[in-house]
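For reference, protein.cif (mmCIF, N, CA, C and O atoms):
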data_data
#
loop_
_atom_site.label_atom_id
_atom_site.label_comp_id
_atom_site.auth_asym_id
_atom_site.auth_seq_id
_atom_site.Cartn_x
_atom_site.Cartn_y
_atom_site.Cartn_z
N MET U 218 30.96 71.43 148.95
CA MET U 218 30.81 70.02 149.18
C MET U 218 32.09 69.48 149.80
O MET U 218 33.18 69.91 149.45
N LYS U 219 31.92 68.52 150.67
CA LYS U 219 33.08 67.92 151.34
C LYS U 219 33.29 66.50 150.82
O LYS U 219 32.33 65.79 150.54
N PHE U 220 34.57 66.12 150.70
CA PHE U 220 34.93 64.82 150.17
C PHE U 220 36.06 64.22 150.99
O PHE U 220 36.88 64.94 151.57
N LEU U 221 36.11 62.89 151.00
CA LEU U 221 37.20 62.13 151.61
C LEU U 221 38.02 61.51 150.49
O LEU U 221 37.47 60.87 149.59
N ILE U 222 39.32 61.75 150.53
CA ILE U 222 40.26 61.07 149.63
C ILE U 222 41.08 60.14 150.50
O ILE U 222 41.82 60.59 151.37
N SER U 223 40.90 58.83 150.30
CA SER U 223 41.64 57.82 151.07
C SER U 223 42.80 57.30 150.24
O SER U 223 42.62 56.94 149.07
N VAL U 224 43.97 57.24 150.84
CA VAL U 224 45.17 56.74 150.17
C VAL U 224 45.22 55.23 150.32
O VAL U 224 45.08 54.70 151.43
N ILE U 225 45.44 54.52 149.23
CA ILE U 225 45.49 53.07 149.22
C ILE U 225 46.93 52.63 149.06
O ILE U 225 47.63 53.04 148.13
N ASP U 226 47.41 51.81 149.96
CA ASP U 226 48.81 51.37 149.98
C ASP U 226 48.84 49.84 149.99
O ASP U 226 47.83 49.19 150.20
N ASP U 227 50.04 49.28 149.81
CA ASP U 227 50.15 47.82 149.75
C ASP U 227 51.21 47.25 150.69
O ASP U 227 51.77 46.20 150.42
N LEU U 228 51.47 47.91 151.77
CA LEU U 228 52.40 47.49 152.82
C LEU U 228 53.86 47.51 152.40
O LEU U 228 54.73 47.66 153.22
N SER U 229 54.15 47.36 151.12
CA SER U 229 55.54 47.25 150.70
C SER U 229 56.16 48.59 150.32
O SER U 229 57.33 48.65 150.03
N ASN U 230 55.38 49.65 150.33
CA ASN U 230 55.88 50.90 149.79
C ASN U 230 55.46 52.07 150.67
O ASN U 230 54.41 52.66 150.45
N SER U 231 56.24 52.39 151.67
CA SER U 231 55.92 53.54 152.50
C SER U 231 56.45 54.81 151.83
O SER U 231 57.23 54.74 150.89
N GLY U 232 56.03 55.94 152.32
CA GLY U 232 56.36 57.22 151.70
C GLY U 232 57.85 57.50 151.63
O GLY U 232 58.55 57.44 152.63
N THR U 233 58.31 57.84 150.45
CA THR U 233 59.71 58.21 150.26
C THR U 233 59.87 59.70 150.55
O THR U 233 58.88 60.45 150.56
N PRO U 234 61.09 60.19 150.74
CA PRO U 234 61.29 61.62 150.93
C PRO U 234 60.75 62.44 149.75
O PRO U 234 60.13 63.48 149.95
N ALA U 235 60.93 61.97 148.52
CA ALA U 235 60.42 62.69 147.35
C ALA U 235 58.89 62.74 147.36
O ALA U 235 58.29 63.77 147.01
N GLU U 236 58.26 61.63 147.76
CA GLU U 236 56.80 61.62 147.84
C GLU U 236 56.31 62.58 148.92
O GLU U 236 55.31 63.28 148.72
N MET U 237 57.02 62.66 150.03
CA MET U 237 56.60 63.58 151.09
C MET U 237 56.70 65.03 150.63
O MET U 237 55.84 65.85 150.96
N VAL U 238 57.70 65.36 149.83
CA VAL U 238 57.82 66.72 149.27
C VAL U 238 56.62 67.00 148.37
O VAL U 238 56.00 68.07 148.43
N ALA U 239 56.25 66.04 147.51
CA ALA U 239 55.12 66.22 146.61
C ALA U 239 53.81 66.33 147.39
O ALA U 239 52.94 67.15 147.04
N ILE U 240 53.65 65.54 148.44
CA ILE U 240 52.45 65.61 149.28
C ILE U 240 52.37 66.97 149.97
O ILE U 240 51.30 67.59 150.02
N ASP U 241 53.49 67.46 150.50
CA ASP U 241 53.50 68.77 151.14
C ASP U 241 53.10 69.87 150.14
O ASP U 241 52.35 70.79 150.48
N ALA U 242 53.59 69.77 148.90
CA ALA U 242 53.24 70.76 147.87
C ALA U 242 51.75 70.69 147.55
O ALA U 242 51.08 71.73 147.40
N PHE U 243 51.20 69.48 147.45
CA PHE U 243 49.77 69.31 147.21
C PHE U 243 48.97 69.90 148.37
O PHE U 243 47.99 70.62 148.15
N ASN U 244 49.39 69.62 149.61
CA ASN U 244 48.71 70.19 150.77
C ASN U 244 48.74 71.72 150.74
O ASN U 244 47.74 72.38 151.04
N ASP U 245 49.88 72.28 150.39
CA ASP U 245 50.00 73.74 150.30
C ASP U 245 49.05 74.31 149.25
O ASP U 245 48.44 75.36 149.45
N GLN U 246 48.91 73.59 148.13
CA GLN U 246 47.99 74.03 147.07
C GLN U 246 46.54 73.99 147.58
O GLN U 246 45.77 74.92 147.33
N LEU U 247 46.18 72.93 148.30
CA LEU U 247 44.84 72.85 148.87
C LEU U 247 44.58 74.03 149.82
O LEU U 247 43.51 74.65 149.77
N ARG U 248 45.54 74.31 150.67
CA ARG U 248 45.38 75.42 151.62
C ARG U 248 45.23 76.75 150.89
O ARG U 248 44.35 77.56 151.22
N ALA U 249 46.07 76.99 149.89
CA ALA U 249 46.04 78.24 149.14
C ALA U 249 44.71 78.44 148.42
O ALA U 249 44.25 79.57 148.26
N ASN U 250 44.07 77.34 148.01
CA ASN U 250 42.81 77.41 147.28
C ASN U 250 41.58 77.27 148.17
O ASN U 250 40.46 77.18 147.67
N GLY U 251 41.78 77.24 149.49
CA GLY U 251 40.66 77.12 150.41
C GLY U 251 39.97 75.77 150.36
O GLY U 251 38.80 75.66 150.72
N GLN U 252 40.68 74.73 149.93
CA GLN U 252 40.10 73.39 149.80
C GLN U 252 40.54 72.44 150.91
O GLN U 252 40.06 71.33 151.00
N TRP U 253 41.46 72.88 151.73
CA TRP U 253 42.02 72.06 152.81
C TRP U 253 41.06 72.03 153.99
O TRP U 253 40.58 73.05 154.46
N ILE U 254 40.79 70.84 154.49
CA ILE U 254 40.11 70.68 155.77
C ILE U 254 41.04 69.95 156.74
O ILE U 254 41.31 70.44 157.83
N PHE U 255 41.56 68.80 156.29
CA PHE U 255 42.36 67.96 157.20
C PHE U 255 43.07 66.90 156.36
O PHE U 255 42.55 66.46 155.34
N ALA U 256 44.24 66.50 156.80
CA ALA U 256 44.95 65.36 156.19
C ALA U 256 45.78 64.69 157.26
O ALA U 256 46.27 65.34 158.19
N TRP U 257 45.95 63.37 157.11
CA TRP U 257 46.73 62.65 158.10
C TRP U 257 47.10 61.28 157.55
O TRP U 257 46.39 60.71 156.74
N GLY U 258 48.21 60.75 158.03
CA GLY U 258 48.61 59.38 157.73
C GLY U 258 48.13 58.44 158.82
O GLY U 258 47.87 58.86 159.95
N LEU U 259 47.99 57.19 158.46
CA LEU U 259 47.53 56.17 159.40
C LEU U 259 48.66 55.20 159.72
O LEU U 259 49.50 54.92 158.87
N GLN U 260 48.65 54.67 160.92
CA GLN U 260 49.60 53.62 161.30
C GLN U 260 49.31 52.37 160.48
O GLN U 260 48.26 52.23 159.87
N ALA U 261 50.23 51.43 160.50
CA ALA U 261 50.09 50.17 159.75
C ALA U 261 48.83 49.43 160.16
O ALA U 261 48.38 49.53 161.31
N PRO U 262 48.24 48.65 159.26
CA PRO U 262 46.99 47.96 159.57
C PRO U 262 47.08 47.01 160.76
O PRO U 262 46.08 46.81 161.46
N GLU U 263 48.25 46.45 161.01
CA GLU U 263 48.34 45.52 162.15
C GLU U 263 48.15 46.23 163.49
O GLU U 263 48.02 45.57 164.52
N THR U 264 48.11 47.56 163.51
CA THR U 264 47.84 48.29 164.75
C THR U 264 46.34 48.48 164.99
O THR U 264 45.95 48.98 166.04
N ALA U 265 45.51 48.09 164.01
CA ALA U 265 44.06 48.30 164.11
C ALA U 265 43.38 47.20 164.90
O ALA U 265 43.86 46.07 164.99
N THR U 266 42.24 47.54 165.46
CA THR U 266 41.36 46.55 166.08
C THR U 266 39.92 46.98 165.81
O THR U 266 39.62 48.17 165.78
N VAL U 267 39.06 46.04 165.58
CA VAL U 267 37.64 46.31 165.39
C VAL U 267 36.95 46.13 166.74
O VAL U 267 37.11 45.09 167.39
N ILE U 268 36.23 47.15 167.15
CA ILE U 268 35.55 47.14 168.45
C ILE U 268 34.05 47.11 168.21
O ILE U 268 33.53 47.85 167.37
N ASP U 269 33.36 46.25 168.93
CA ASP U 269 31.90 46.15 168.82
C ASP U 269 31.33 46.14 170.23
O ASP U 269 31.50 45.18 170.98
N ASN U 270 30.68 47.24 170.58
CA ASN U 270 30.04 47.32 171.89
C ASN U 270 28.54 47.49 171.75
O ASN U 270 27.88 47.98 172.65
N ARG U 271 27.99 47.07 170.60
CA ARG U 271 26.53 47.10 170.45
C ARG U 271 25.91 46.17 171.47
O ARG U 271 26.37 45.04 171.65
N GLY U 272 24.92 46.69 172.16
CA GLY U 272 24.24 45.88 173.17
C GLY U 272 25.15 45.46 174.30
O GLY U 272 24.90 44.45 174.95
N GLY U 273 26.24 46.22 174.52
CA GLY U 273 27.16 45.90 175.60
C GLY U 273 28.03 44.68 175.34
O GLY U 273 28.54 44.06 176.27
N ALA U 274 28.25 44.33 174.06
CA ALA U 274 29.03 43.12 173.70
C ALA U 274 30.47 43.19 174.19
O ALA U 274 31.08 42.16 174.47
N ASN U 275 31.03 44.39 174.26
CA ASN U 275 32.38 44.59 174.77
C ASN U 275 33.40 43.66 174.10
O ASN U 275 34.20 43.00 174.78
N SER U 276 33.39 43.60 172.77
CA SER U 276 34.32 42.72 172.08
C SER U 276 35.26 43.53 171.19
O SER U 276 34.93 44.61 170.72
N GLU U 277 36.45 42.99 171.01
CA GLU U 277 37.41 43.56 170.08
C GLU U 277 38.16 42.43 169.40
O GLU U 277 38.36 41.36 169.99
N THR U 278 38.58 42.68 168.16
CA THR U 278 39.19 41.61 167.38
C THR U 278 40.70 41.53 167.55
O THR U 278 41.27 40.46 167.37
N GLY U 279 41.34 42.66 167.83
CA GLY U 279 42.80 42.68 167.90
C GLY U 279 43.46 42.71 166.53
O GLY U 279 44.67 42.59 166.43
N HIS U 280 42.67 42.90 165.48
CA HIS U 280 43.21 42.98 164.12
C HIS U 280 42.28 43.84 163.27
O HIS U 280 41.15 44.14 163.67
N PRO U 281 42.74 44.25 162.07
CA PRO U 281 41.90 45.09 161.22
C PRO U 281 40.68 44.34 160.69
O PRO U 281 40.63 43.09 160.74
N LEU U 282 39.73 45.07 160.16
CA LEU U 282 38.50 44.48 159.63
C LEU U 282 38.79 43.55 158.46
O LEU U 282 38.24 42.46 158.36
N PHE U 283 39.69 43.98 157.56
CA PHE U 283 39.97 43.20 156.36
C PHE U 283 41.39 42.66 156.38
O PHE U 283 42.32 43.36 156.74
N ASP U 284 41.55 41.43 155.96
CA ASP U 284 42.86 40.83 155.76
C ASP U 284 43.15 40.95 154.28
O ASP U 284 42.72 40.12 153.48
N SER U 285 43.85 42.01 153.90
CA SER U 285 44.03 42.32 152.50
C SER U 285 45.44 42.84 152.25
O SER U 285 46.06 43.42 153.14
N LYS U 286 45.92 42.64 151.04
CA LYS U 286 47.23 43.17 150.68
C LYS U 286 47.20 44.70 150.68
O LYS U 286 48.16 45.35 151.06
N GLU U 287 46.09 45.29 150.23
CA GLU U 287 45.96 46.75 150.19
C GLU U 287 45.19 47.24 151.41
O GLU U 287 44.35 46.54 151.96
N HIS U 288 45.50 48.46 151.81
CA HIS U 288 44.87 49.06 152.98
C HIS U 288 44.89 50.57 152.83
O HIS U 288 45.55 51.11 151.94
N TYR U 289 44.18 51.27 153.70
CA TYR U 289 44.24 52.73 153.74
C TYR U 289 45.45 53.14 154.57
O TYR U 289 45.64 52.65 155.68
N SER U 290 46.26 54.05 154.01
CA SER U 290 47.44 54.51 154.74
C SER U 290 47.39 55.99 155.07
O SER U 290 48.28 56.50 155.73
N GLY U 291 46.37 56.68 154.61
CA GLY U 291 46.24 58.10 154.91
C GLY U 291 44.96 58.64 154.31
O GLY U 291 44.22 57.92 153.63
N LEU U 292 44.70 59.92 154.56
CA LEU U 292 43.47 60.52 154.07
C LEU U 292 43.59 62.03 153.97
O LEU U 292 44.43 62.65 154.62
N TRP U 293 42.76 62.58 153.13
CA TRP U 293 42.51 64.01 153.05
C TRP U 293 41.02 64.24 153.19
O TRP U 293 40.24 63.49 152.61
N LEU U 294 40.61 65.23 153.94
CA LEU U 294 39.26 65.77 153.90
C LEU U 294 39.38 67.09 153.16
O LEU U 294 40.19 67.95 153.55
N ILE U 295 38.62 67.23 152.08
CA ILE U 295 38.73 68.43 151.26
C ILE U 295 37.37 69.09 151.08
O ILE U 295 36.33 68.45 151.25
N GLU U 296 37.40 70.35 150.70
CA GLU U 296 36.22 71.12 150.31
C GLU U 296 36.37 71.41 148.83
O GLU U 296 37.41 71.90 148.39
N ALA U 297 35.35 71.07 148.05
CA ALA U 297 35.40 71.32 146.60
C ALA U 297 34.04 71.86 146.16
O ALA U 297 33.00 71.51 146.73
N ALA U 298 34.06 72.69 145.14
CA ALA U 298 32.84 73.31 144.65
C ALA U 298 31.86 72.28 144.09
O ALA U 298 30.64 72.46 144.18
N ASP U 299 32.39 71.19 143.53
CA ASP U 299 31.53 70.18 142.91
C ASP U 299 32.32 68.88 142.77
O ASP U 299 33.52 68.82 143.05
N ALA U 300 31.61 67.84 142.32
CA ALA U 300 32.23 66.51 142.20
C ALA U 300 33.35 66.50 141.16
O ALA U 300 34.35 65.80 141.34
N ALA U 301 33.20 67.26 140.10
CA ALA U 301 34.25 67.29 139.06
C ALA U 301 35.54 67.88 139.61
O ALA U 301 36.64 67.37 139.34
N THR U 302 35.45 68.92 140.43
CA THR U 302 36.63 69.52 141.04
C THR U 302 37.26 68.54 142.03
O THR U 302 38.48 68.39 142.06
N ALA U 303 36.43 67.87 142.80
CA ALA U 303 36.95 66.88 143.75
C ALA U 303 37.67 65.75 143.02
O ALA U 303 38.72 65.29 143.47
N LYS U 304 37.13 65.32 141.88
CA LYS U 304 37.77 64.25 141.12
C LYS U 304 39.13 64.70 140.60
O LYS U 304 40.10 63.95 140.66
N LYS U 305 39.22 65.95 140.13
CA LYS U 305 40.51 66.48 139.68
C LYS U 305 41.51 66.49 140.84
O LYS U 305 42.66 66.11 140.69
N LEU U 306 41.05 66.92 142.02
CA LEU U 306 41.92 66.94 143.19
C LEU U 306 42.35 65.52 143.59
O LEU U 306 43.48 65.31 144.01
N ALA U 307 41.47 64.54 143.43
CA ALA U 307 41.82 63.16 143.73
C ALA U 307 42.90 62.66 142.77
O ALA U 307 43.84 61.98 143.18
N PHE U 308 42.80 63.03 141.49
CA PHE U 308 43.86 62.68 140.54
C PHE U 308 45.18 63.33 140.95
O PHE U 308 46.24 62.69 140.90
N ASP U 309 45.11 64.60 141.38
CA ASP U 309 46.32 65.30 141.84
C ASP U 309 46.89 64.64 143.09
O ASP U 309 48.11 64.52 143.25
N ALA U 310 46.02 64.22 144.00
CA ALA U 310 46.46 63.55 145.23
C ALA U 310 47.15 62.24 144.90
O ALA U 310 48.21 61.92 145.47
N SER U 311 46.58 61.46 143.99
CA SER U 311 47.19 60.19 143.59
C SER U 311 48.58 60.41 143.01
O SER U 311 49.52 59.67 143.31
N ASN U 312 48.70 61.44 142.20
CA ASN U 312 50.00 61.76 141.61
C ASN U 312 51.00 62.19 142.70
O ASN U 312 52.15 61.76 142.69
N ALA U 313 50.54 63.01 143.64
CA ALA U 313 51.43 63.51 144.69
C ALA U 313 51.95 62.39 145.59
O ALA U 313 53.15 62.34 145.90
N CYS U 314 51.07 61.48 146.00
CA CYS U 314 51.50 60.44 146.95
C CYS U 314 51.97 59.17 146.25
O CYS U 314 52.45 58.25 146.91
N ASN U 315 51.81 59.13 144.92
CA ASN U 315 52.27 57.99 144.13
C ASN U 315 51.57 56.69 144.52
O ASN U 315 52.17 55.63 144.61
N ARG U 316 50.27 56.81 144.79
CA ARG U 316 49.45 55.66 145.17
C ARG U 316 48.06 55.81 144.59
O ARG U 316 47.66 56.91 144.19
N LYS U 317 47.30 54.73 144.60
CA LYS U 317 45.88 54.83 144.25
C LYS U 317 45.18 55.56 145.39
O LYS U 317 45.63 55.51 146.55
N VAL U 318 44.08 56.23 145.05
CA VAL U 318 43.25 56.86 146.07
C VAL U 318 41.79 56.53 145.78
O VAL U 318 41.43 56.18 144.65
N GLU U 319 40.98 56.63 146.81
CA GLU U 319 39.53 56.46 146.68
C GLU U 319 38.89 57.79 147.05
O GLU U 319 39.19 58.37 148.09
N LEU U 320 37.97 58.26 146.20
CA LEU U 320 37.26 59.52 146.44
C LEU U 320 35.82 59.20 146.83
O LEU U 320 35.14 58.43 146.14
N ARG U 321 35.37 59.80 147.94
CA ARG U 321 33.98 59.61 148.38
C ARG U 321 33.43 60.93 148.90
O ARG U 321 34.08 61.61 149.70
N PRO U 322 32.20 61.28 148.48
CA PRO U 322 31.56 62.47 149.04
C PRO U 322 31.07 62.21 150.47
O PRO U 322 30.75 61.07 150.82
N LEU U 323 31.07 63.25 151.25
CA LEU U 323 30.49 63.18 152.61
C LEU U 323 29.08 63.74 152.58
O LEU U 323 28.77 64.58 151.74
N HIS U 324 28.22 63.29 153.52
CA HIS U 324 26.92 63.93 153.59
C HIS U 324 26.75 64.72 154.83
O HIS U 324 27.52 64.92 155.61
#
Here is a file; write its structure as structure tokens.
Amino acid sequence: MKFLISVIDDLSNSGTPAEMVAIDAFNDQLRANGQWIFAWGLQAPETATVIDNRGGANSETGHPLFDSKEHYSGLWLIEAADAATAKKLAFDASNACNRKVELRPLH
């Protein structure tokens, strides 16, 4: 089963060197266990734009979808045997990056 772990940040706390070491160790553990698919950090929310070209609308907002204190700052795509394993990995991810995370299964 594949899952998305989204990192939730609050603009005031970017990754410290110690957090990056912990994230790298978590990534290495995922790779060693065959659970790694992909991981990446995201640019700040002010770099986002919502694009809508349904029906040729050709519109963009120039800002993110949500005006919120919290935002997604990174993600992992993982492979896990079941939802319980994915949940454990999400707890480990939260600990490694020192942030809240959201876990969602992919279909």
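Of note, atom CA of U:Val267 and atom CA of U:Ile240 are spaced 29.2 Å apart.
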Reference answer for the PyMOL selection byres (((chain U and resi 312-323 and name CA) around 12) and name CA), as number ranges by chain: U: 218-246, 258, 287-311, 324
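Going from atom C of U:Gln260 to atom N of U:Gly273 covers 27.7 Å.
We find atom N of U:Leu259 and atom C of U:His280 to be spaced 15.3 Å apart.
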Taking every listed atom of stretch 247-261 of chain U and adding 4 Å to each side, what centre and edge lengths in Å (one decimal) does the axis-aligned box have, as JSON?
{"center_x": 44.5, "center_y": 64.5, "center_z": 154.3, "size_x": 19.4, "size_y": 38.1, "size_z": 22.0}
Test item, helix (DSSP H, G or I) assignment across chain U, answer as number ranges by chain: U: 234-249, 262-264, 271-273, 300-314
Polymer residues at most 7 Å from (42.1, 46.2, 161.1) by all atoms listed in the file, as number ranges by chain: U: 262-267, 279-283
All strand (DSSP E or B) residues (DSSP, backbone) inside chain U, as a PyMOL selection string: chain U and resi 219-226+253-258+268-269+276-277+288-296+317-322
